[in-house]
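Below is protein.cif, holding mmCIF, C-alpha atoms.
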data_start
#
loop_
_atom_site.label_atom_id
_atom_site.label_comp_id
_atom_site.auth_asym_id
_atom_site.auth_seq_id
_atom_site.Cartn_x
_atom_site.Cartn_y
_atom_site.Cartn_z
CA MET A 27 10.46 -55.36 -8.47
CA ASP A 28 6.81 -54.98 -9.31
CA HIS A 29 6.52 -54.59 -13.05
CA ARG A 30 2.95 -53.37 -12.95
CA LEU A 31 4.03 -50.04 -11.50
CA PRO A 32 5.10 -47.47 -14.08
CA PRO A 33 8.91 -47.35 -14.04
CA GLN A 34 10.43 -44.41 -12.22
CA PRO A 35 13.35 -42.53 -13.77
CA VAL A 36 16.71 -42.73 -12.00
CA THR A 37 17.31 -39.05 -11.44
CA ASP A 38 20.64 -39.10 -9.61
CA LEU A 39 22.55 -40.66 -12.53
CA ILE A 40 23.55 -39.49 -15.98
CA VAL A 41 24.57 -41.90 -18.74
CA CYS A 42 26.81 -41.00 -21.68
CA PRO A 43 24.78 -41.73 -24.84
CA HIS A 44 27.93 -42.54 -26.81
CA CYS A 45 29.77 -45.00 -24.56
CA ASP A 46 27.23 -45.95 -21.84
CA ALA A 47 29.41 -44.73 -18.95
CA ALA A 48 27.27 -43.89 -15.90
CA TYR A 49 28.04 -40.97 -13.59
CA ARG A 50 26.54 -39.56 -10.43
CA LEU A 51 24.69 -36.46 -11.55
CA GLN A 52 26.29 -33.23 -10.43
CA ARG A 53 25.05 -30.16 -12.29
CA PRO A 54 27.85 -27.93 -13.56
CA THR A 55 27.47 -24.19 -12.96
CA HIS A 56 27.15 -21.72 -15.86
CA GLY A 57 30.16 -21.78 -18.11
CA GLU A 58 31.34 -25.19 -16.84
CA ARG A 59 30.89 -28.33 -18.84
CA ALA A 60 30.28 -31.91 -17.81
CA VAL A 61 32.35 -34.17 -20.08
CA CYS A 62 32.46 -37.97 -20.22
CA VAL A 63 35.93 -39.02 -19.01
CA ARG A 64 35.97 -42.05 -21.28
CA CYS A 65 34.91 -40.75 -24.69
CA HIS A 66 34.99 -36.98 -24.09
CA THR A 67 31.37 -36.42 -25.14
CA VAL A 68 30.00 -33.18 -23.70
CA LEU A 69 27.07 -34.19 -21.49
CA ILE A 70 25.92 -30.88 -20.00
CA SER A 71 27.07 -27.37 -20.94
CA PRO A 72 24.80 -24.74 -19.40
CA ARG A 73 25.26 -21.07 -20.30
CA ALA A 74 23.96 -18.07 -18.44
CA LYS A 75 20.96 -16.48 -20.20
CA ALA A 76 21.20 -19.09 -22.98
CA GLY A 77 17.41 -19.22 -23.32
CA LEU A 78 17.02 -15.53 -24.04
CA GLN A 79 19.99 -15.51 -26.41
CA ILE A 80 18.61 -18.45 -28.37
CA ILE A 81 15.19 -16.81 -28.62
CA ALA A 82 16.69 -13.53 -29.85
CA VAL A 83 18.86 -15.30 -32.44
CA SER A 84 15.93 -17.47 -33.52
CA ILE A 85 13.67 -14.50 -34.19
CA ALA A 86 16.45 -12.89 -36.22
CA ILE A 87 16.78 -16.09 -38.24
CA VAL A 88 13.07 -16.24 -39.07
CA VAL A 89 13.10 -12.66 -40.36
CA LEU A 90 16.29 -13.20 -42.37
CA VAL A 91 15.11 -16.47 -43.95
CA ILE A 92 12.04 -14.72 -45.30
CA ALA A 93 14.15 -11.84 -46.63
CA ALA A 94 16.76 -14.17 -48.10
CA THR A 95 14.23 -16.17 -50.09
CA VAL A 96 12.45 -13.12 -51.53
CA PHE A 97 15.36 -10.94 -52.67
CA PRO A 98 17.59 -11.83 -55.65
CA PHE A 99 20.53 -13.92 -54.59
CA LEU A 100 23.01 -13.94 -57.46
CA THR A 101 23.04 -12.23 -60.85
CA ILE A 102 25.03 -13.40 -63.84
CA LYS A 103 25.95 -11.27 -66.86
CA ALA A 104 27.60 -12.48 -70.04
CA ALA A 105 27.57 -10.90 -73.50
CA GLY A 106 24.42 -8.89 -72.94
CA ASN A 107 22.47 -11.69 -71.29
CA THR A 108 21.44 -11.32 -67.66
CA ASN A 109 19.93 -13.82 -65.24
CA SER A 110 19.01 -13.24 -61.59
CA VAL A 111 18.06 -16.03 -59.25
CA SER A 112 16.75 -16.26 -55.71
CA ILE A 113 17.71 -19.00 -53.26
CA LEU A 114 14.43 -20.73 -54.01
CA ASP A 115 15.30 -20.73 -57.74
CA ALA A 116 18.65 -22.31 -56.94
CA ALA A 117 17.02 -24.96 -54.80
CA LEU A 118 14.43 -25.73 -57.45
CA ALA A 119 17.00 -26.02 -60.27
CA PHE A 120 16.42 -29.75 -60.55
CA SER A 121 12.87 -29.37 -61.66
CA ASP A 122 12.41 -31.59 -64.69
CA GLY A 123 11.31 -35.21 -64.59
CA PRO A 124 12.53 -37.44 -61.77
CA LEU A 125 14.85 -34.70 -60.53
CA ILE A 126 11.84 -32.89 -59.02
CA ALA A 127 12.32 -35.03 -55.89
CA LEU A 128 15.86 -33.70 -55.67
CA ALA A 129 14.60 -30.12 -56.13
CA LEU A 130 12.15 -30.47 -53.27
CA SER A 131 14.69 -32.06 -50.95
CA THR A 132 17.29 -29.40 -51.78
CA ALA A 133 14.77 -26.66 -50.93
CA ALA A 134 14.00 -28.48 -47.69
CA LEU A 135 17.66 -28.95 -46.72
CA ILE A 136 18.69 -25.34 -47.23
CA ILE A 137 15.56 -23.35 -46.29
CA PHE A 138 12.64 -25.23 -44.81
CA ILE A 139 14.38 -27.56 -42.34
CA PRO A 140 16.55 -24.79 -40.82
CA LEU A 141 13.43 -22.58 -40.58
CA LEU A 142 11.30 -25.35 -39.07
CA ARG A 143 13.99 -26.15 -36.47
CA VAL A 144 14.13 -22.52 -35.39
CA LEU A 145 10.33 -22.26 -35.13
CA LEU A 146 10.22 -25.46 -33.06
CA ALA A 147 12.95 -24.13 -30.77
CA LEU A 148 10.95 -20.93 -30.23
CA TYR A 149 7.82 -22.93 -29.45
CA VAL A 150 9.69 -25.03 -26.89
CA LEU A 151 11.84 -22.34 -25.28
CA ILE A 152 9.58 -19.29 -24.98
CA PRO A 153 7.34 -20.76 -22.23
CA VAL A 154 10.39 -22.23 -20.45
CA VAL A 155 12.22 -18.90 -20.39
CA LEU A 156 9.09 -17.12 -19.16
CA ASP A 157 8.80 -19.71 -16.36
CA ARG A 158 5.47 -20.97 -17.65
CA MET A 159 4.31 -24.55 -18.07
CA PRO A 160 5.92 -26.08 -21.18
CA ALA A 161 3.77 -25.63 -24.28
CA LYS A 162 1.43 -28.42 -25.36
CA GLY A 163 3.41 -31.03 -27.28
CA ALA A 164 6.70 -29.31 -26.43
CA ARG A 165 8.47 -32.65 -26.09
CA GLN A 166 7.32 -33.85 -29.49
CA ALA A 167 8.37 -30.50 -30.92
CA PHE A 168 11.85 -30.67 -29.42
CA ARG A 169 12.15 -34.31 -30.47
CA LEU A 170 11.42 -33.35 -34.08
CA ALA A 171 13.85 -30.44 -33.93
CA GLU A 172 16.60 -32.78 -32.70
CA ALA A 173 15.80 -35.44 -35.30
CA LEU A 174 16.12 -32.84 -38.06
CA ARG A 175 19.45 -31.57 -36.79
CA PRO A 176 21.75 -33.41 -39.24
CA TRP A 177 19.45 -32.48 -42.14
CA SER A 178 19.77 -28.74 -41.73
CA MET A 179 22.39 -27.85 -44.33
CA ALA A 180 22.38 -24.08 -44.73
CA GLU A 181 26.09 -23.78 -43.93
CA ILE A 182 26.99 -26.41 -46.52
CA PHE A 183 24.99 -24.53 -49.13
CA ALA A 184 27.02 -21.42 -48.26
CA ILE A 185 30.31 -23.18 -49.03
CA GLY A 186 28.66 -24.58 -52.18
CA CYS A 187 28.00 -20.98 -53.26
CA ALA A 188 31.66 -20.10 -52.89
CA VAL A 189 32.71 -23.08 -55.01
CA ALA A 190 30.11 -22.33 -57.69
CA LEU A 191 31.17 -18.67 -57.86
CA ILE A 192 34.83 -19.52 -58.39
CA LYS A 193 33.87 -22.05 -61.05
CA LEU A 194 31.81 -19.42 -62.89
CA THR A 195 34.13 -16.41 -62.73
CA ASP A 196 35.91 -17.55 -65.91
CA LEU A 197 32.67 -17.89 -67.77
CA ALA A 198 30.77 -14.75 -66.83
CA ASP A 199 30.38 -11.80 -64.47
CA VAL A 200 28.66 -12.81 -61.24
CA THR A 201 27.31 -10.16 -58.87
CA PHE A 202 25.84 -10.64 -55.41
CA GLY A 203 22.27 -9.58 -54.67
CA PRO A 204 21.08 -8.46 -51.21
CA ALA A 205 19.96 -11.99 -50.40
CA PHE A 206 23.53 -13.22 -50.70
CA TRP A 207 24.68 -11.05 -47.79
CA ILE A 208 21.55 -11.84 -45.79
CA PHE A 209 22.25 -15.51 -46.29
CA ALA A 210 25.87 -15.10 -45.17
CA ILE A 211 24.70 -13.59 -41.84
CA LEU A 212 22.01 -16.24 -41.60
CA VAL A 213 24.53 -19.09 -41.73
CA VAL A 214 26.49 -17.64 -38.80
CA LEU A 215 23.29 -17.23 -36.76
CA VAL A 216 22.04 -20.76 -37.54
CA VAL A 217 25.31 -22.26 -36.35
CA ALA A 218 25.37 -20.01 -33.23
CA GLN A 219 21.77 -20.88 -32.34
CA ASP A 220 22.66 -24.55 -32.46
CA ARG A 221 25.85 -24.13 -30.40
CA PHE A 222 24.19 -22.11 -27.60
CA MET A 223 21.67 -24.81 -26.83
CA CYS A 224 22.37 -27.33 -24.06
CA ARG A 225 20.15 -30.33 -24.86
CA TRP A 226 20.29 -31.72 -21.35
CA THR A 227 19.07 -28.47 -19.81
CA VAL A 228 16.21 -28.18 -22.30
CA TRP A 229 15.03 -31.74 -21.68
CA LYS A 230 15.33 -31.15 -17.94
CA SER A 231 13.15 -28.05 -18.19
CA LEU A 232 10.49 -30.06 -20.03
CA ASP A 233 10.37 -32.43 -17.03
CA GLY A 234 7.70 -30.34 -15.30
CA LEU A 235 5.14 -31.66 -17.73
CA ARG A 236 4.12 -35.21 -16.85
CA LYS A 237 1.73 -36.84 -19.22
CA MET B 109 32.22 -36.01 -13.56
CA SER B 110 33.70 -32.85 -15.02
CA VAL B 111 36.86 -33.43 -13.02
CA ALA B 112 39.37 -34.07 -15.77
CA GLN B 113 41.26 -37.16 -14.66
CA ASP B 114 41.74 -40.01 -17.03
CA ILE B 115 39.98 -42.98 -15.51
CA PRO B 116 40.50 -45.93 -17.83
CA HIS B 117 37.58 -47.95 -16.50
CA VAL B 118 34.22 -46.48 -15.70
CA THR B 119 31.07 -48.17 -14.49
CA THR B 120 28.66 -48.57 -17.33
CA ALA B 121 24.92 -48.16 -17.16
CA ARG B 122 24.49 -51.79 -18.18
CA GLU B 123 26.58 -52.96 -15.19
CA MET B 124 24.45 -50.81 -12.88
CA GLY B 125 21.23 -52.27 -14.23
CA VAL B 126 20.03 -49.04 -15.76
CA VAL B 127 19.66 -47.81 -19.30
CA GLY B 128 20.15 -44.26 -20.54
CA CYS B 129 17.92 -42.73 -23.19
CA LEU B 130 19.98 -42.01 -26.30
CA ARG B 131 17.90 -38.95 -27.15
CA CYS B 132 17.34 -37.09 -23.88
CA THR B 133 19.83 -38.98 -21.61
CA GLN B 134 17.20 -39.65 -18.93
CA VAL B 135 18.14 -42.79 -16.97
CA TRP B 136 15.69 -45.67 -16.42
CA PRO B 137 15.87 -49.11 -14.79
CA VAL B 138 16.68 -51.94 -17.23
CA GLY B 139 13.47 -53.39 -18.63
CA THR B 140 11.76 -50.05 -19.14
CA GLU B 141 10.55 -50.13 -22.73
CA THR B 142 10.19 -46.47 -23.69
CA CYS B 143 11.57 -43.30 -22.20
CA GLY B 144 8.86 -41.59 -20.15
CA ARG B 145 10.27 -38.17 -20.97
CA CYS B 146 10.88 -38.17 -24.72
CA GLY B 147 9.20 -41.39 -25.84
CA LYS B 148 12.23 -43.04 -27.46
CA ALA B 149 12.47 -46.83 -27.28
CA LEU B 150 15.07 -47.81 -24.68
CA VAL B 151 17.60 -50.54 -25.38
CA SER B 152 20.74 -51.18 -23.40
CA ARG B 153 22.49 -52.36 -26.57
CA ASP B 154 20.86 -52.13 -29.97
CA ARG B 155 21.32 -55.68 -31.31
CA LYS B 156 19.78 -54.86 -34.68
CA SER B 157 21.95 -51.80 -35.08
CA LEU B 158 24.54 -53.54 -37.27
CA GLN B 159 21.87 -54.94 -39.61
CA ARG B 160 20.54 -51.46 -40.24
CA VAL B 161 24.06 -50.08 -40.66
CA TRP B 162 24.83 -52.66 -43.36
CA ALA B 163 21.46 -52.30 -45.09
CA TRP B 164 21.87 -48.52 -45.53
CA TRP B 165 25.55 -49.00 -46.34
CA ILE B 166 24.79 -51.36 -49.23
CA VAL B 167 22.03 -49.16 -50.68
CA GLY B 168 24.29 -46.13 -50.36
CA PHE B 169 27.14 -47.91 -52.12
CA LEU B 170 24.85 -49.10 -54.92
CA CYS B 171 23.79 -45.49 -55.51
CA TYR B 172 27.39 -44.30 -55.48
CA ILE B 173 28.26 -46.38 -58.58
CA PRO B 174 25.81 -44.72 -61.04
CA ALA B 175 26.62 -41.39 -59.37
CA ASN B 176 30.11 -41.72 -60.80
CA MET B 177 29.17 -43.21 -64.17
CA TYR B 178 26.45 -40.83 -65.34
CA PRO B 179 27.11 -37.15 -66.08
CA MET B 180 26.69 -34.73 -63.18
CA LEU B 181 26.55 -31.59 -65.32
CA GLN B 182 25.51 -30.94 -68.89
CA THR B 183 27.02 -27.72 -70.25
CA ARG B 184 25.57 -26.41 -73.49
CA THR B 185 27.36 -23.52 -75.22
CA LEU B 186 26.81 -22.07 -78.70
CA PHE B 187 28.41 -24.85 -80.65
CA GLN B 188 28.77 -27.80 -78.36
CA VAL B 189 27.23 -29.85 -75.61
CA GLN B 190 29.55 -31.20 -72.96
CA GLN B 191 28.69 -33.77 -70.32
CA ASP B 192 30.90 -34.17 -67.27
CA THR B 193 30.97 -36.86 -64.64
CA ILE B 194 32.14 -35.95 -61.13
CA VAL B 195 35.73 -37.01 -61.69
CA GLY B 196 35.71 -35.82 -65.31
CA GLY B 197 34.55 -32.37 -64.22
CA ALA B 198 37.30 -32.14 -61.63
CA ILE B 199 39.96 -33.13 -64.20
CA GLU B 200 38.51 -30.55 -66.59
CA LEU B 201 38.90 -27.89 -63.88
CA MET B 202 42.50 -28.91 -63.30
CA THR B 203 43.35 -28.41 -66.96
CA HIS B 204 41.89 -24.89 -66.62
CA ASP B 205 44.32 -24.14 -63.76
CA ALA B 206 41.60 -24.20 -61.09
CA VAL B 207 43.47 -26.81 -59.08
CA GLY B 208 42.14 -25.64 -55.68
CA ILE B 209 38.50 -25.97 -56.68
CA ALA B 210 39.18 -29.29 -58.38
CA LEU B 211 40.69 -30.57 -55.14
CA ILE B 212 37.69 -29.35 -53.07
CA ILE B 213 35.32 -31.15 -55.46
CA LEU B 214 37.43 -34.31 -55.47
CA PHE B 215 37.70 -34.22 -51.69
CA ALA B 216 33.97 -33.66 -51.06
CA SER B 217 32.70 -36.02 -53.76
CA VAL B 218 35.25 -38.82 -53.88
CA VAL B 219 37.53 -38.88 -50.81
CA ILE B 220 34.83 -38.20 -48.18
CA PRO B 221 32.22 -40.65 -49.56
CA LEU B 222 34.77 -43.45 -50.10
CA GLY B 223 36.39 -42.73 -46.73
CA LYS B 224 32.95 -42.94 -45.13
CA PHE B 225 32.20 -46.31 -46.71
CA PHE B 226 35.52 -47.68 -45.41
CA ALA B 227 35.17 -46.08 -41.96
CA VAL B 228 31.61 -47.32 -41.34
CA ALA B 229 32.49 -50.80 -42.62
CA TYR B 230 35.58 -50.89 -40.39
CA LEU B 231 33.59 -49.81 -37.32
CA ALA B 232 30.85 -52.36 -37.98
CA ILE B 233 33.34 -55.19 -38.51
CA SER B 234 35.47 -54.22 -35.51
CA VAL B 235 32.44 -54.26 -33.23
CA LYS B 236 31.24 -57.58 -34.61
CA ARG B 237 34.66 -59.17 -34.07
CA ARG B 238 34.95 -57.56 -30.62
CA ASN B 239 38.16 -55.93 -31.71
CA SER B 240 39.98 -54.09 -28.92
CA ALA B 241 41.72 -51.50 -31.11
CA SER B 242 41.83 -48.08 -29.44
CA PHE B 243 38.35 -47.22 -28.20
CA GLN B 244 38.93 -43.51 -28.15
CA GLN B 245 40.26 -43.49 -31.71
CA ARG B 246 37.29 -45.46 -32.97
CA GLN B 247 34.88 -43.21 -31.10
CA MET B 248 36.60 -40.24 -32.69
CA LEU B 249 36.43 -41.90 -36.12
CA TYR B 250 32.70 -42.40 -35.61
CA GLU B 251 32.15 -38.78 -34.62
CA VAL B 252 34.19 -37.53 -37.58
CA VAL B 253 32.15 -39.74 -39.93
CA GLU B 254 28.89 -38.45 -38.47
CA TYR B 255 30.03 -34.84 -38.70
CA ILE B 256 31.63 -34.88 -42.11
CA GLY B 257 29.04 -36.98 -43.97
CA ARG B 258 26.70 -34.06 -44.53
CA TRP B 259 29.43 -32.07 -46.26
CA SER B 260 29.32 -34.36 -49.29
CA MET B 261 26.11 -32.58 -50.27
CA ILE B 262 28.26 -29.63 -51.32
CA ASP B 263 28.57 -30.91 -54.89
CA ILE B 264 24.79 -31.18 -55.21
CA PHE B 265 24.42 -27.57 -54.08
CA VAL B 266 27.12 -26.43 -56.52
CA VAL B 267 25.23 -28.14 -59.34
CA ALA B 268 21.98 -26.54 -58.15
CA ILE B 269 23.45 -23.03 -58.04
CA MET B 270 25.22 -23.33 -61.38
CA SER B 271 22.29 -24.79 -63.23
CA SER B 272 19.81 -22.21 -61.97
CA LEU B 273 22.20 -19.32 -62.59
CA VAL B 274 23.64 -20.26 -65.98
CA GLN B 275 20.52 -20.09 -68.11
CA LEU B 276 21.60 -17.54 -70.71
CA ASN B 277 19.26 -18.30 -73.60
CA THR B 278 21.27 -19.44 -76.62
CA LEU B 279 24.67 -18.42 -75.25
CA ALA B 280 25.15 -21.01 -72.57
CA SER B 281 23.18 -23.17 -70.22
CA ILE B 282 24.08 -25.68 -67.54
CA ASN B 283 21.72 -28.46 -66.54
CA PRO B 284 21.96 -31.15 -63.89
CA GLY B 285 22.62 -34.71 -65.06
CA PRO B 286 21.16 -37.96 -63.70
CA ALA B 287 24.22 -38.53 -61.48
CA SER B 288 23.07 -35.70 -59.20
CA LEU B 289 20.05 -37.72 -58.07
CA PHE B 290 22.11 -40.86 -57.37
CA PHE B 291 24.80 -38.88 -55.60
CA ALA B 292 22.30 -37.16 -53.31
CA LEU B 293 20.67 -40.52 -52.52
CA SER B 294 24.06 -42.04 -51.77
CA VAL B 295 24.89 -39.23 -49.32
CA ILE B 296 21.49 -39.58 -47.61
CA PHE B 297 21.77 -43.37 -47.29
CA THR B 298 25.30 -43.25 -45.87
CA MET B 299 24.18 -40.61 -43.35
CA LEU B 300 21.40 -42.99 -42.27
CA SER B 301 23.93 -45.83 -42.10
CA ALA B 302 26.21 -43.87 -39.77
CA GLN B 303 23.25 -42.76 -37.63
CA SER B 304 22.15 -46.39 -37.18
CA PHE B 305 25.45 -47.35 -35.55
CA ASP B 306 25.22 -47.81 -31.78
CA SER B 307 28.61 -46.48 -30.63
CA ARG B 308 28.18 -47.95 -27.14
CA MET B 309 29.21 -51.29 -28.65
CA ILE B 310 32.71 -49.93 -29.32
CA TRP B 311 33.28 -49.68 -25.58
CA ASP B 312 31.79 -53.01 -24.53
CA VAL B 313 35.03 -54.93 -25.02
CA GLN B 314 36.74 -52.68 -22.50
CA SER B 315 33.99 -53.08 -19.91
CA ASP B 316 33.81 -56.86 -20.41
CA ALA B 317 37.59 -57.23 -20.09
CA ALA B 318 37.49 -55.26 -16.83
CA GLY B 319 34.76 -57.59 -15.57
CA GLU B 320 36.91 -60.69 -16.20
CA ASP B 321 39.95 -59.38 -14.29
#

Could you render the structure from this file as C-alpha cells?
Amino acid sequence: MDHRLPPQPVTDLIVCPHCDAAYRLQRPTHGERAVCVRCHTVLISPRAKAGLQIIAVSIAIVVLVIAATVFPFLTIKAAGNTNSVSILDAALAFSDGPLIALALSTAALIIFIPLLRVLLALYVLIPVVLDRMPAKGARQAFRLAEALRPWSMAEIFAIGCAVALIKLTDLADVTFGPAFWIFAILVVLVVAQDRFMCRWTVWKSLDGLRK
Amino acid sequence: MSVAQDIPHVTTAREMGVVGCLRCTQVWPVGTETCGRCGKALVSRDRKSLQRVWAWWIVGFLCYIPANMYPMLQTRTLFQVQQDTIVGGAIELMTHDAVGIALIILFASVVIPLGKFFAVAYLAISVKRRNSASFQQRQMLYEVVEYIGRWSMIDIFVVAIMSSLVQLNTLASINPGPASLFFALSVIFTMLSAQSFDSRMIWDVQSDAAGED
C-alpha cells in the first residue's frame, strides 16, 4: 500500500462503535433498523420525512425556549410574602462567590446547551433537506452538537422541578407560571428531536462535501 | 445485519484490517490517522483509555467526599438557621413523612453516584484483567452507567430551584451550601470518566479466544 496517497474510506462496511463488529453495509428501508447482533447497538434507523420533522420540532423548540426564559416560571406565597422566578433566576441561584461557576454551568446545562444543539441541527439539516450542498462548516457544527449531547439536561431539570415542588408544598403555596407549562412541552420536544435523528444518515448526507 | 439471529462470533474491524470512526462510524483502513469525514482521531483500540478513565474517576471520587461532608442547603427561618448535608436532608425529609421524595434524593445522590464508581471501576479492572464475564451484560452495564450518570444532577437542580424560589425576606430563605459545587463537579468528572472508556475492549477477549480455536 502506498502511504503517500490519501487514505480512501471503506464504504461497503459498517463498524459497530461499541464492540468493533464489522458488517457488510446494507441500508435498511424507512422504519427498519440495523442493529449490531453482538451488542445490540442500533447502527442505522432511518425514518421517512425525519429531516422535515426534526426541522419543524427544532423551530418550535427555539420559540419555546425564548418564551420559557422570559415568562415567570414559579411563584411562591407564604404569609403575605410573594416571590416569582424565571428559569434563568433558578439557574443563576448559585450566584455568590465561587458558586458563580456553578450558576453559569447550570444555566448552560438547562437552557443554552439544549438551545445551541437545536440551532446547530437546523444549520446542518436545512440545506440537506432542501437538497442543497451542506452548509459551510456543517461537519464541525454536527460534531459539536453530538459532543454536547450528554450535557443537555433540560429533562433532568424538569424532574428536579417536581421534586422541589413536593419538598416545598409543606412550607408555602407554590403556583405555576406560564413558563412552567411551556417548559413541560419543551422537554417532550427536546427528547423527541433527539430520538428522531439517525446519526448515520446525517453523516452520510454530509458526505457530498469533500474538503 | 438487521437479520436477528444470534451469531456468537462476528468478524471485528480489527481482524479485517480496518478501523471504524467512533463518532461518525465511517470505516477506514488501519493506519489512517484521522477520519476524513468528521475529523476524529482514529484508533483501533484506545490504549490510553483506561488511564483517562482512572484519572477522571479519582478526581470525581475526591470531589464526592466533601460533597457529602459539607452542607448542601442552608435554610434560614425566623428563629433558626439549619444546615443540611445530602444524607442529613434526606433523613430530615423522612421524619416529615416525605419518604418517597427522600428515597428519590437518596437514590439520585447516593445510590447512583456510588453505583457508578463501582461499575466504572469494575469495567476498567475487568478489561485490564481480560476477564471473560458476560460481554453483553458488561456492555449493558456500561450503557446504563453512561445513560444514568447525568441524572445525578437532579439534586443540584432541586437546590437551584429551591434557593431561587424561597427568598421570602425575613420569613424564610434557602441558600445553596458549598457541597453543591463539589457534588456538581463529582457528577461532571464521573461522566467524563465513563465517556473515556473504550467499550470495544470488553469484546476483545471473545474475539481473541475465537482466533485461538

Check which residues satisfy the PyMOL selection byres ((chain B) within 8 of (chain A)) in the file shown, then give them as a short mmCIF file (atom, residue, chain, number, x, y, z; two decimals) with C-alpha atoms, in the frame of the given file.
data_model
loop_
_atom_site.label_atom_id
_atom_site.label_comp_id
_atom_site.auth_asym_id
_atom_site.auth_seq_id
_atom_site.Cartn_x
_atom_site.Cartn_y
_atom_site.Cartn_z
CA MET B 109 32.22 -36.01 -13.56
CA SER B 110 33.70 -32.85 -15.02
CA ALA B 112 39.37 -34.07 -15.77
CA GLN B 113 41.26 -37.16 -14.66
CA ASP B 114 41.74 -40.01 -17.03
CA ILE B 115 39.98 -42.98 -15.51
CA PRO B 116 40.50 -45.93 -17.83
CA HIS B 117 37.58 -47.95 -16.50
CA VAL B 118 34.22 -46.48 -15.70
CA THR B 119 31.07 -48.17 -14.49
CA THR B 120 28.66 -48.57 -17.33
CA ALA B 121 24.92 -48.16 -17.16
CA ARG B 122 24.49 -51.79 -18.18
CA VAL B 127 19.66 -47.81 -19.30
CA GLY B 128 20.15 -44.26 -20.54
CA CYS B 129 17.92 -42.73 -23.19
CA LEU B 130 19.98 -42.01 -26.30
CA ARG B 131 17.90 -38.95 -27.15
CA CYS B 132 17.34 -37.09 -23.88
CA THR B 133 19.83 -38.98 -21.61
CA GLN B 134 17.20 -39.65 -18.93
CA VAL B 135 18.14 -42.79 -16.97
CA TRP B 136 15.69 -45.67 -16.42
CA PRO B 137 15.87 -49.11 -14.79
CA THR B 140 11.76 -50.05 -19.14
CA GLY B 144 8.86 -41.59 -20.15
CA ARG B 145 10.27 -38.17 -20.97
CA CYS B 146 10.88 -38.17 -24.72
CA ILE B 209 38.50 -25.97 -56.68
CA GLN B 244 38.93 -43.51 -28.15
CA GLN B 247 34.88 -43.21 -31.10
CA ARG B 258 26.70 -34.06 -44.53
CA TRP B 259 29.43 -32.07 -46.26
CA MET B 261 26.11 -32.58 -50.27
CA ILE B 262 28.26 -29.63 -51.32
CA ASP B 263 28.57 -30.91 -54.89
CA PHE B 265 24.42 -27.57 -54.08
CA VAL B 266 27.12 -26.43 -56.52
CA VAL B 267 25.23 -28.14 -59.34
CA ALA B 268 21.98 -26.54 -58.15
CA ILE B 269 23.45 -23.03 -58.04
CA MET B 270 25.22 -23.33 -61.38
CA SER B 271 22.29 -24.79 -63.23
CA SER B 272 19.81 -22.21 -61.97
CA LEU B 273 22.20 -19.32 -62.59
CA VAL B 274 23.64 -20.26 -65.98
CA GLN B 275 20.52 -20.09 -68.11
CA LEU B 276 21.60 -17.54 -70.71
CA ASN B 277 19.26 -18.30 -73.60
CA PRO B 284 21.96 -31.15 -63.89
CA PRO B 286 21.16 -37.96 -63.70
CA LEU B 289 20.05 -37.72 -58.07
CA ALA B 292 22.30 -37.16 -53.31
CA ASP B 306 25.22 -47.81 -31.78
CA SER B 307 28.61 -46.48 -30.63
CA ARG B 308 28.18 -47.95 -27.14
CA MET B 309 29.21 -51.29 -28.65
CA ILE B 310 32.71 -49.93 -29.32
CA TRP B 311 33.28 -49.68 -25.58
#

Inset, instruction - Can you pull out every residue within 7 Å of Ser217 (chain B), counting all atoms listed in the file, but drop anything in the same chain fewer than 4 positions away, and send it as a list in words? - result: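 In the requested form, the answer reads Ile213, Pro221, Ser260 and Asp263 of chain B.
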
Inset, instruction - Pull out every residue that the PyMOL selection byres ((chain A and resi 149) around 10) matches in the shown coordinates and put them as number ranges by chain. - result: A: 81, 143-148, 150-154, 160-164, 167-168

Inset, instruction - Pick out the closest residue to Ser152 (chain B) from this set: B:Glu123, B:Met202, B:Gly257, B:Ile233. Count all atoms listed in the file. - result: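 Checking each of B:Glu123, B:Met202, B:Gly257, B:Ile233 against Ser152 (chain B), counting all atoms listed in the file, the winner is B:Glu123.
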
Legend entry - Distance of CA of Phe305 (chain B) from CA of Gln219 (chain A), expressed in Å to one decimal place: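 CA of Gln219 (chain A) sits 26.9 Å away from CA of Phe305 (chain B).
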
Legend entry - Atom pair CA of Leu174 (chain A) / CA of Leu170 (chain B): separation (Å):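 The value is 25.0 Å.
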
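The gap separating CA of Phe138 (chain A) from CA of Pro98 (chain A) is 17.9 Å, in Å to one decimal.
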
I'd like the contact shell of region 181-188 of chain B - 9 Å cut-off, all atoms listed in the file, skipping same-chain residues fewer than 6 positions apart - returned as a compact mmCIF listing (two decimals) with C-alpha atoms, keeping the file's coordinate frame.
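And here is the file that came out, result_35.txt:
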# COMPACT_ATOMS: atom_id res chain seq x y z
CA ILE B 194 32.14 -35.95 -61.13
CA GLY B 197 34.55 -32.37 -64.22
CA VAL B 267 25.23 -28.14 -59.34
CA SER B 271 22.29 -24.79 -63.23
CA THR B 278 21.27 -19.44 -76.62
CA LEU B 279 24.67 -18.42 -75.25
CA ALA B 280 25.15 -21.01 -72.57
CA SER B 281 23.18 -23.17 -70.22
CA ILE B 282 24.08 -25.68 -67.54
CA ASN B 283 21.72 -28.46 -66.54
CA PRO B 284 21.96 -31.15 -63.89
CA GLY B 285 22.62 -34.71 -65.06
CA PRO B 286 21.16 -37.96 -63.70
CA ALA B 287 24.22 -38.53 -61.48
CA SER B 288 23.07 -35.70 -59.20

Inset, instruction - For the file shown, report as a count of residues only the outcome of the PyMOL selection byres ((chain A and resi 209) around 9) at residue level. - result: 18

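The shortest atom-to-atom distance to Gly223 (chain B), with all atoms listed in the file taken into account, belongs to B:Thr298 out of B:Asp192, B:Arg155, B:Thr298, B:Trp162.
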
Box for region 274-281 of chain B - axis-aligned, 3 Å on each of the six sides, all listed atoms - centre and size in Å to one decimal, as lines of an AutoDock Vina configuration file.
center_x = 22.2
center_y = -20.4
center_z = -71.3
size_x = 11.9
size_y = 11.6
size_z = 16.6

Please identify all polymer residues lying at most 9 Å from the point (33.2, -58.4, -29.0) (file coordinates), using only C-alpha atoms, and present the result as a CSV table (one decimal) with C-alpha atoms, keeping the file's coordinate frame.
chain,number,residue,atom,x,y,z
B,234,SER,CA,35.5,-54.2,-35.5
B,235,VAL,CA,32.4,-54.3,-33.2
B,236,LYS,CA,31.2,-57.6,-34.6
B,237,ARG,CA,34.7,-59.2,-34.1
B,238,ARG,CA,35.0,-57.6,-30.6
B,239,ASN,CA,38.2,-55.9,-31.7
B,240,SER,CA,40.0,-54.1,-28.9
B,309,MET,CA,29.2,-51.3,-28.6
B,310,ILE,CA,32.7,-49.9,-29.3
B,312,ASP,CA,31.8,-53.0,-24.5
B,313,VAL,CA,35.0,-54.9,-25.0
B,316,ASP,CA,33.8,-56.9,-20.4
